[in-house]
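Participant: The structure that follows is given in the form of structure tokens.
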Amino acid sequence: MSSIKRGVSLYSFQEEMFLGQMNVEDVIAFAASIGAPGIEILPEQNMPTFPTITDTQVGEWRDMLARHGAHFTCYDMFLDTKLRKGELLSDDEQVDSIKRDLALCNRLGIRNMRVLIFVRPDILERCVPFAEQMDVHMGVEVHAPWHLEHAWILRTIDVAERLGTQHLGILPDMGVFMKHYPPEFRARFERQGARPEVAQFIVDQHEQKIMCEYTIYEVAVKLGGNKAEIAMAETLRHAPYANPKRIKDYAPYFRHIQAKFYGMTEDCTDPTIAYDEVIPELVRCGWKGTLSSEYEGNRWIQDVMEVDSREQVRRQHVMFENLIAKADAELETA
Amino acid sequence: MFDKYLIDAASLRNTGPADAPTGFAFEAKLGYYRGLGLSMVEKLDVSIDGEPLSREAVRLDEGKGALTLDEMETAYERRWPFGTPATILVDHPGGFPAGEHALSLLQQLRVSYLPFPAINTDSKTVALAA
């Protein structure tokens with residue numbers, strides 16, 4: 001039986017929380033109700049007094065999770081290198097900011113921290129001793145347009161290997177496995193004026209994995225693309241389909257996954273991200289972390305319809321259950 | 001991000017003496033999926049019927065006292081939390097013009113991990129409550 005656990009990032013409910021239709025406890029209760037009790041938080045989203053969090057507040061969070069049989073899985077940090085106009089934070093200030101997050105992560109009892117992808121590997125290297133002391137794994141987010149084998153990501157892995165630490169690695173965002181162009185993107189660009197035939201051309205080009213710059217040039221110059229069409233073509237720069245077969249090579253470096261998605265079909269399949277290829281790889285290599293839902297479809301549909309993040313996340317977890325069970329069965333009969 | 005939800009149209013009111021308003025105010029949210037320090041809110045451009053008002057005329061109060069955009073640049077300890085309305089105060093002698101008008105807000109945010117500024121815009125047809 002697979003040891004993959006299921007959870008939800010509060011990011012998934014940004015629409016309802018932004019509008020005051022759900023609070024964090026509503027999200028936690030819902031996540032637990034669909035068998036996804038692992039909770040990923042963004043303190044800068046979900047803790048209005050951030051960065052000042054009292055012990056009383058920490059206790060309230062723990063009590064809230066306990067009420068619903070849920071637990072924390074991951075802490076999404078941010079680093080405001082551009083805090084001041086015209087100059088970046090110094091290296092020492094960046095290290096201090098990350099240590100502040102590691103300390104809060106530890107106080108909350110969270111052992112995984114999502115590190116933004118732009119944080120320099122040498123800055124993280126300086127944070128490793130404190131991360132070890134706090135017992136928090138710093139996972140650099142592998143987010144499109146980067147991917148698992150991007151040279152920038154390999155630099156972090158090199159640092160982790162050189163230090164021989166268990167507290168630095170990566171944290172993949174499944175957006176790097178975009179096998180098919182998201183129908184939600186296409187529909188939005190069509191509403192903004194993209195001609196259906198040009199939108200179809202862009203989708204076809206992505207389907208064939210033609211390098212994005214060819215498509216962008218074709219749309220912008222040869223097809224005389226309008227603003228919406230060019231913007232749609234430019235999304236291809238952020239639409240990589242990394243090879244799921246490489247997952248096993250990197251699995252030792254990650255303990256948590258941001259299960260990005262843009263929309264689920266009514267029959268609980270993802271038309272865009274290749275979970276049907278990713279999950280069997282995770283099961284085969286015996287990965288033990290949490291698949292944490294990260295619904296990001298709201299921004300693509302909110303102009304025309306009510307967003308229902310609960311239904312979207314529910315469908316994704318039906319898919320996860322099905323795919324994990326299927327992969328387990330295949331492993332047993334192999 | 002969250003563009004169409006930024007301006008709370010029902011919150012529009014005049015400021016200053018009722019018979020001689022000196023400006024107007026409305027509630028707005030930050031178009032971002034997390035809170036942000038005020039020093040990283042680079043622009044809050046307000047316009048009426050497409051006519052931009054000056055940067056100096058605009059102030060923001062997230063609950064700790066109104067600041068101009070220049071003052072916000074060094075307000076390193078203050079934050080605009082996620083999903084939370086803050087008051088945008090605009091100096092505009094006479095107050096908001098009578099009748100229906102397009103009120104627009106552009107937010108430009110300095111988001112450290114993005115290579116370019118994040119820009120959100122909302123425009124709503126509003127009228128002062130009679």
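How things are named: the first chain in the structure tokens is A, the next is B, and so on; residues count from 1 in each chain; ligands count from 1 in the order shown.
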Neighbours of segment 37-41 of chain B within 10 Å (only C-alpha atoms; same-chain residues fewer than 2 positions away dropped), as a PyMOL selection string?

Facilitator: (chain A and resi 80+82-85) or (chain B and resi 30+35+43-44+60+62+67+69-81+107-112+117-118)

Participant: Would you return as a PyMOL selection string the members of chain B that DSSP assigns to helix (DSSP H, G or I) on this structure's backbone?

Facilitator: chain B and resi 3-5+38-40+55-57+69-72

Participant: Measuring between only C-alpha atoms, which one of A:Glu60, A:Glu161, A:Asp101, A:Glu296 shows the shortest distance to chain B?

Facilitator: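 Closest residue, counting only C-alpha atoms: A:Glu296.
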
Participant: Can you work out the spacing between atom CA of Leu89 of chain B and atom CA of Arg59 of chain B in Å, to one decimal?

Facilitator: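 According to the coordinates, atom CA of Leu89 of chain B and atom CA of Arg59 of chain B are separated by 5.1 Å.
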
Participant: Closest to chain A among B:Gly31, B:Pro21, B:Pro52, B:Pro97, using only C-alpha atoms?

Facilitator: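 Once distances to chain A are computed over only C-alpha atoms, the minimum belongs to B:Gly31.
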
Participant: What is the distance, in Å and to one decimal place, between atom CA of Asn226 of chain A and atom CA of Gln208 of chain A?

Facilitator: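 Separation between atom CA of Asn226 of chain A and atom CA of Gln208 of chain A: 22.9 Å.
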
Participant: Skip Asp91 of chain B itself and residues of its chain fewer than 4 positions away, then list as an NGL selection string all residues within 7 Å of it, counting only C-alpha atoms.

Facilitator: :B and (22-24 or 57-58)

Participant: Okay, now the selection with C-alpha atoms, as a compact mmCIF listing (two decimals), in the first residue's frame?

Facilitator:
```txt
# COMPACT_ATOMS: atom_id res chain seq x y z
CA THR B 22 -12.83 68.20 0.67
CA GLY B 23 -12.56 64.77 -0.87
CA PHE B 24 -13.95 61.27 -0.98
CA ALA B 57 -4.03 63.45 -3.50
CA VAL B 58 -4.23 59.78 -2.51
```

Participant: I need the contact residues of chain A against chain B, so if you could list those with any atom within 9 Å, counting only C-alpha atoms, and return them as JSON, numbers by chain, that would help.

Facilitator: {"A": [11, 14, 15, 17, 18, 19, 20, 42, 43, 44, 45, 46, 47, 48, 49, 50, 78, 79, 80, 81, 82, 83, 84, 85, 116, 117, 118, 119, 299, 302, 303]}

Participant: Create the file for the chosen residues now, containing N, CA and C atoms and written as an mmCIF file, in the first residue's frame.

Facilitator:
```cif
data_model
loop_
_atom_site.group_PDB
_atom_site.id
_atom_site.type_symbol
_atom_site.label_atom_id
_atom_site.label_comp_id
_atom_site.auth_asym_id
_atom_site.auth_seq_id
_atom_site.Cartn_x
_atom_site.Cartn_y
_atom_site.Cartn_z
ATOM 1 N N TYR A 11 -4.097 27.981 -0.074
ATOM 2 C CA TYR A 11 -4.040 28.723 -1.335
ATOM 3 C C TYR A 11 -5.239 28.376 -2.227
ATOM 4 N N GLN A 14 -8.377 30.658 -2.004
ATOM 5 C CA GLN A 14 -8.120 32.102 -1.955
ATOM 6 C C GLN A 14 -9.333 32.906 -2.401
ATOM 7 N N GLU A 15 -10.107 32.379 -3.343
ATOM 8 C CA GLU A 15 -11.277 33.127 -3.826
ATOM 9 C C GLU A 15 -12.285 33.336 -2.689
ATOM 10 N N MET A 17 -11.901 32.863 0.529
ATOM 11 C CA MET A 17 -11.369 33.562 1.703
ATOM 12 C C MET A 17 -11.201 35.054 1.428
ATOM 13 N N PHE A 18 -10.790 35.397 0.206
ATOM 14 C CA PHE A 18 -10.649 36.816 -0.155
ATOM 15 C C PHE A 18 -11.996 37.522 -0.034
ATOM 16 N N LEU A 19 -13.038 36.817 -0.444
ATOM 17 C CA LEU A 19 -14.379 37.416 -0.442
ATOM 18 C C LEU A 19 -15.078 37.260 0.906
ATOM 19 N N GLY A 20 -14.429 36.637 1.855
ATOM 20 C CA GLY A 20 -15.031 36.475 3.176
ATOM 21 C C GLY A 20 -16.124 35.421 3.214
ATOM 22 N N LEU A 42 -0.197 29.493 4.305
ATOM 23 C CA LEU A 42 0.595 30.653 3.890
ATOM 24 C C LEU A 42 0.410 31.679 5.003
ATOM 25 N N PRO A 43 1.327 31.701 5.960
ATOM 26 C CA PRO A 43 1.115 32.609 7.089
ATOM 27 C C PRO A 43 0.827 34.045 6.647
ATOM 28 N N GLU A 44 1.436 34.485 5.555
ATOM 29 C CA GLU A 44 1.212 35.868 5.124
ATOM 30 C C GLU A 44 -0.170 36.054 4.498
ATOM 31 N N GLN A 45 -0.850 34.932 4.258
ATOM 32 C CA GLN A 45 -2.237 35.001 3.810
ATOM 33 C C GLN A 45 -3.188 34.739 4.971
ATOM 34 N N ASN A 46 -2.851 33.742 5.777
ATOM 35 C CA ASN A 46 -3.813 33.204 6.729
ATOM 36 C C ASN A 46 -3.639 33.692 8.165
ATOM 37 N N MET A 47 -2.582 34.443 8.406
ATOM 38 C CA MET A 47 -2.344 34.972 9.752
ATOM 39 C C MET A 47 -2.246 36.491 9.635
ATOM 40 N N PRO A 48 -3.372 37.187 9.876
ATOM 41 C CA PRO A 48 -3.416 38.627 9.599
ATOM 42 C C PRO A 48 -2.410 39.448 10.395
ATOM 43 N N THR A 49 -1.925 38.916 11.525
ATOM 44 C CA THR A 49 -0.971 39.698 12.320
ATOM 45 C C THR A 49 0.485 39.380 11.960
ATOM 46 N N PHE A 50 0.693 38.541 10.962
ATOM 47 C CA PHE A 50 2.054 38.178 10.547
ATOM 48 C C PHE A 50 2.899 39.438 10.410
ATOM 49 N N PHE A 78 7.674 33.579 2.248
ATOM 50 C CA PHE A 78 7.961 34.586 1.225
ATOM 51 C C PHE A 78 9.232 35.305 1.648
ATOM 52 N N LEU A 79 9.864 35.968 0.717
ATOM 53 C CA LEU A 79 11.070 36.733 1.037
ATOM 54 C C LEU A 79 10.987 38.041 0.268
ATOM 55 N N ASP A 80 10.810 39.124 1.017
ATOM 56 C CA ASP A 80 10.637 40.430 0.374
ATOM 57 C C ASP A 80 11.989 41.085 0.141
ATOM 58 N N THR A 81 12.703 40.566 -0.844
ATOM 59 C CA THR A 81 14.016 41.159 -1.157
ATOM 60 C C THR A 81 13.862 42.603 -1.630
ATOM 61 N N LYS A 82 12.667 42.925 -2.140
ATOM 62 C CA LYS A 82 12.438 44.290 -2.637
ATOM 63 C C LYS A 82 11.639 45.126 -1.636
ATOM 64 N N LEU A 83 11.851 44.845 -0.346
ATOM 65 C CA LEU A 83 11.163 45.604 0.699
ATOM 66 C C LEU A 83 11.361 47.107 0.517
ATOM 67 N N ARG A 84 12.602 47.482 0.219
ATOM 68 C CA ARG A 84 12.923 48.910 0.054
ATOM 69 C C ARG A 84 13.016 49.264 -1.422
ATOM 70 N N LYS A 85 12.538 50.459 -1.727
ATOM 71 C CA LYS A 85 12.587 50.942 -3.106
ATOM 72 C C LYS A 85 14.045 51.108 -3.540
ATOM 73 N N LEU A 116 10.527 30.017 -1.786
ATOM 74 C CA LEU A 116 10.307 30.561 -3.124
ATOM 75 C C LEU A 116 11.491 30.233 -4.026
ATOM 76 N N ILE A 117 11.180 29.984 -5.285
ATOM 77 C CA ILE A 117 12.211 29.482 -6.206
ATOM 78 C C ILE A 117 13.319 30.491 -6.469
ATOM 79 N N PHE A 118 13.047 31.769 -6.279
ATOM 80 C CA PHE A 118 14.076 32.756 -6.630
ATOM 81 C C PHE A 118 15.127 32.929 -5.532
ATOM 82 N N VAL A 119 14.949 32.281 -4.386
ATOM 83 C CA VAL A 119 15.923 32.431 -3.293
ATOM 84 C C VAL A 119 17.238 31.744 -3.696
ATOM 85 N N ARG A 299 -8.636 32.393 -10.803
ATOM 86 C CA ARG A 299 -8.319 33.639 -11.506
ATOM 87 C C ARG A 299 -8.639 33.576 -12.987
ATOM 88 N N GLN A 302 -13.071 33.639 -12.775
ATOM 89 C CA GLN A 302 -13.866 34.513 -11.894
ATOM 90 C C GLN A 302 -14.550 35.639 -12.650
ATOM 91 N N ASP A 303 -14.097 35.947 -13.890
ATOM 92 C CA ASP A 303 -14.753 37.012 -14.656
ATOM 93 C C ASP A 303 -16.112 36.586 -15.182
#
```

Participant: Expressed in Å to a single decimal, how great is the separation between atom CA of Gly50 of chain B and atom CA of Ala10 of chain B?

Facilitator: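 Computing it gives 19.9 Å between the two atoms.
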
Participant: Looking at only C-alpha atoms, which of A:His317, A:His147, A:His167, A:Arg6 is the one that sits closest to Arg111 of chain A?

Facilitator: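 Looking at the shortest contact to Arg111 of chain A, the residue is A:His167.
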
Participant: For the structure I just gave you, how does DSSP split segment 31-93 of chain B - specifically, which residues are strand (DSSP E)? Reply as a count of residues only.

Facilitator: 26

Participant: Hey, which of A:Leu88, A:Ile28, A:Leu282, A:Met232 ends up closest to Phe13 of chain A? Count only C-alpha atoms.

Facilitator: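 Using only C-alpha atoms, the shortest distance to Phe13 of chain A belongs to A:Ile28.
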
Participant: Tell me, as an MDAnalysis selection string, which residues lie within 7 Å of Thr290 of chain A, counting only C-alpha atoms; anything in the same chain fewer than 5 positions away does not count.

Facilitator: chainID A and resid 4:7 256:257

Participant: Keeping only C-alpha atoms, write the selected residues as a PDB file, in the first residue's frame.

Facilitator:
```pdb
ATOM      1  CA  ILE A   4       1.211   8.886  -0.017  1.00  0.00           C
ATOM      2  CA  LYS A   5      -0.829  11.233   2.148  1.00  0.00           C
ATOM      3  CA  ARG A   6      -3.389  13.743   0.964  1.00  0.00           C
ATOM      4  CA  GLY A   7      -3.863  17.355   1.978  1.00  0.00           C
ATOM      5  CA  HIS A 256       5.840  17.529  -0.012  1.00  0.00           C
ATOM      6  CA  ILE A 257       4.141  18.290  -3.324  1.00  0.00           C
TER       7      ILE A 257
END
```

Participant: Give me, as a compact mmCIF listing (two decimals) with N, CA and C atoms, in the first residue's frame, all polymer residues having an atom no more than 12 Å from Ala131 of chain A, counting only C-alpha atoms and skipping those fewer than 3 positions away in the same chain.

Facilitator:
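Output below, filename around_13.txt:
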```txt
# COMPACT_ATOMS: atom_id res chain seq x y z
N VAL A 95 18.98 36.24 5.05
CA VAL A 95 19.16 35.10 5.96
C VAL A 95 18.29 35.30 7.21
N ILE A 98 14.63 34.55 6.47
CA ILE A 98 14.37 33.11 6.36
C ILE A 98 14.40 32.45 7.74
N LYS A 99 15.33 32.89 8.58
CA LYS A 99 15.39 32.33 9.95
C LYS A 99 14.12 32.68 10.74
N ARG A 100 13.61 33.87 10.52
CA ARG A 100 12.34 34.25 11.16
C ARG A 100 11.25 33.24 10.79
N ASP A 101 11.19 32.89 9.51
CA ASP A 101 10.17 31.92 9.06
C ASP A 101 10.44 30.52 9.61
N LEU A 102 11.71 30.13 9.63
CA LEU A 102 12.03 28.79 10.16
C LEU A 102 11.62 28.69 11.63
N ALA A 103 11.85 29.78 12.37
CA ALA A 103 11.51 29.76 13.80
C ALA A 103 9.99 29.66 13.98
N LEU A 104 9.24 30.41 13.18
CA LEU A 104 7.78 30.36 13.30
C LEU A 104 7.26 28.98 12.86
N CYS A 105 7.87 28.46 11.82
CA CYS A 105 7.52 27.13 11.33
C CYS A 105 7.67 26.11 12.47
N ASN A 106 8.79 26.20 13.16
CA ASN A 106 9.06 25.30 14.29
C ASN A 106 8.05 25.51 15.41
N ILE A 110 5.57 22.65 12.31
CA ILE A 110 5.57 22.28 10.89
C ILE A 110 7.00 21.92 10.50
N ARG A 111 7.15 20.85 9.73
CA ARG A 111 8.50 20.37 9.42
C ARG A 111 8.90 20.55 7.96
N ASN A 112 8.00 21.14 7.17
CA ASN A 112 8.34 21.45 5.77
C ASN A 112 8.09 22.92 5.50
N MET A 113 9.07 23.55 4.86
CA MET A 113 8.86 24.94 4.47
C MET A 113 9.07 25.08 2.97
N LEU A 124 20.45 30.01 1.03
CA LEU A 124 19.88 28.85 1.73
C LEU A 124 20.97 28.06 2.46
N GLU A 125 22.13 27.96 1.83
CA GLU A 125 23.24 27.26 2.47
C GLU A 125 23.54 27.87 3.84
N ARG A 126 23.48 29.19 3.90
CA ARG A 126 23.74 29.85 5.19
C ARG A 126 22.64 29.56 6.22
N CYS A 127 21.47 29.18 5.75
CA CYS A 127 20.34 28.91 6.66
C CYS A 127 20.29 27.46 7.13
N VAL A 128 21.07 26.59 6.49
CA VAL A 128 20.98 25.15 6.79
C VAL A 128 21.20 24.83 8.27
N MET A 134 16.05 23.78 13.89
CA MET A 134 14.59 23.90 13.97
C MET A 134 13.90 22.62 13.47
N ASP A 135 14.67 21.74 12.88
CA ASP A 135 14.16 20.52 12.24
C ASP A 135 13.08 20.82 11.20
N VAL A 136 13.42 21.73 10.31
CA VAL A 136 12.51 22.10 9.22
C VAL A 136 13.23 21.86 7.89
N HIS A 137 12.58 21.13 6.99
CA HIS A 137 13.12 20.90 5.64
C HIS A 137 12.78 22.08 4.76
N MET A 138 13.81 22.72 4.19
CA MET A 138 13.58 23.83 3.27
C MET A 138 13.50 23.27 1.85
N GLY A 139 12.33 23.32 1.27
CA GLY A 139 12.13 22.78 -0.07
C GLY A 139 11.94 23.91 -1.07
N THR A 165 23.02 17.35 4.03
CA THR A 165 21.95 17.71 4.96
C THR A 165 20.61 17.10 4.53
N GLN A 166 19.78 16.81 5.50
CA GLN A 166 18.41 16.35 5.25
C GLN A 166 17.44 17.53 5.32
N HIS A 167 17.95 18.72 5.46
CA HIS A 167 17.08 19.88 5.70
C HIS A 167 17.08 20.89 4.57
N LEU A 168 17.61 20.50 3.42
CA LEU A 168 17.52 21.33 2.22
C LEU A 168 17.23 20.43 1.04
N GLY A 169 16.31 20.85 0.19
CA GLY A 169 15.97 20.07 -0.99
C GLY A 169 15.02 20.87 -1.85
```

Participant: Let me make sure I understand: among B:Arg13, B:Phe116, B:Thr87, B:Asp122, which one has the smallest atom-to-atom distance to Ser47 of chain B if we use only C-alpha atoms?

Facilitator: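 That would be B:Asp122, the residue with the smallest distance to Ser47 of chain B.
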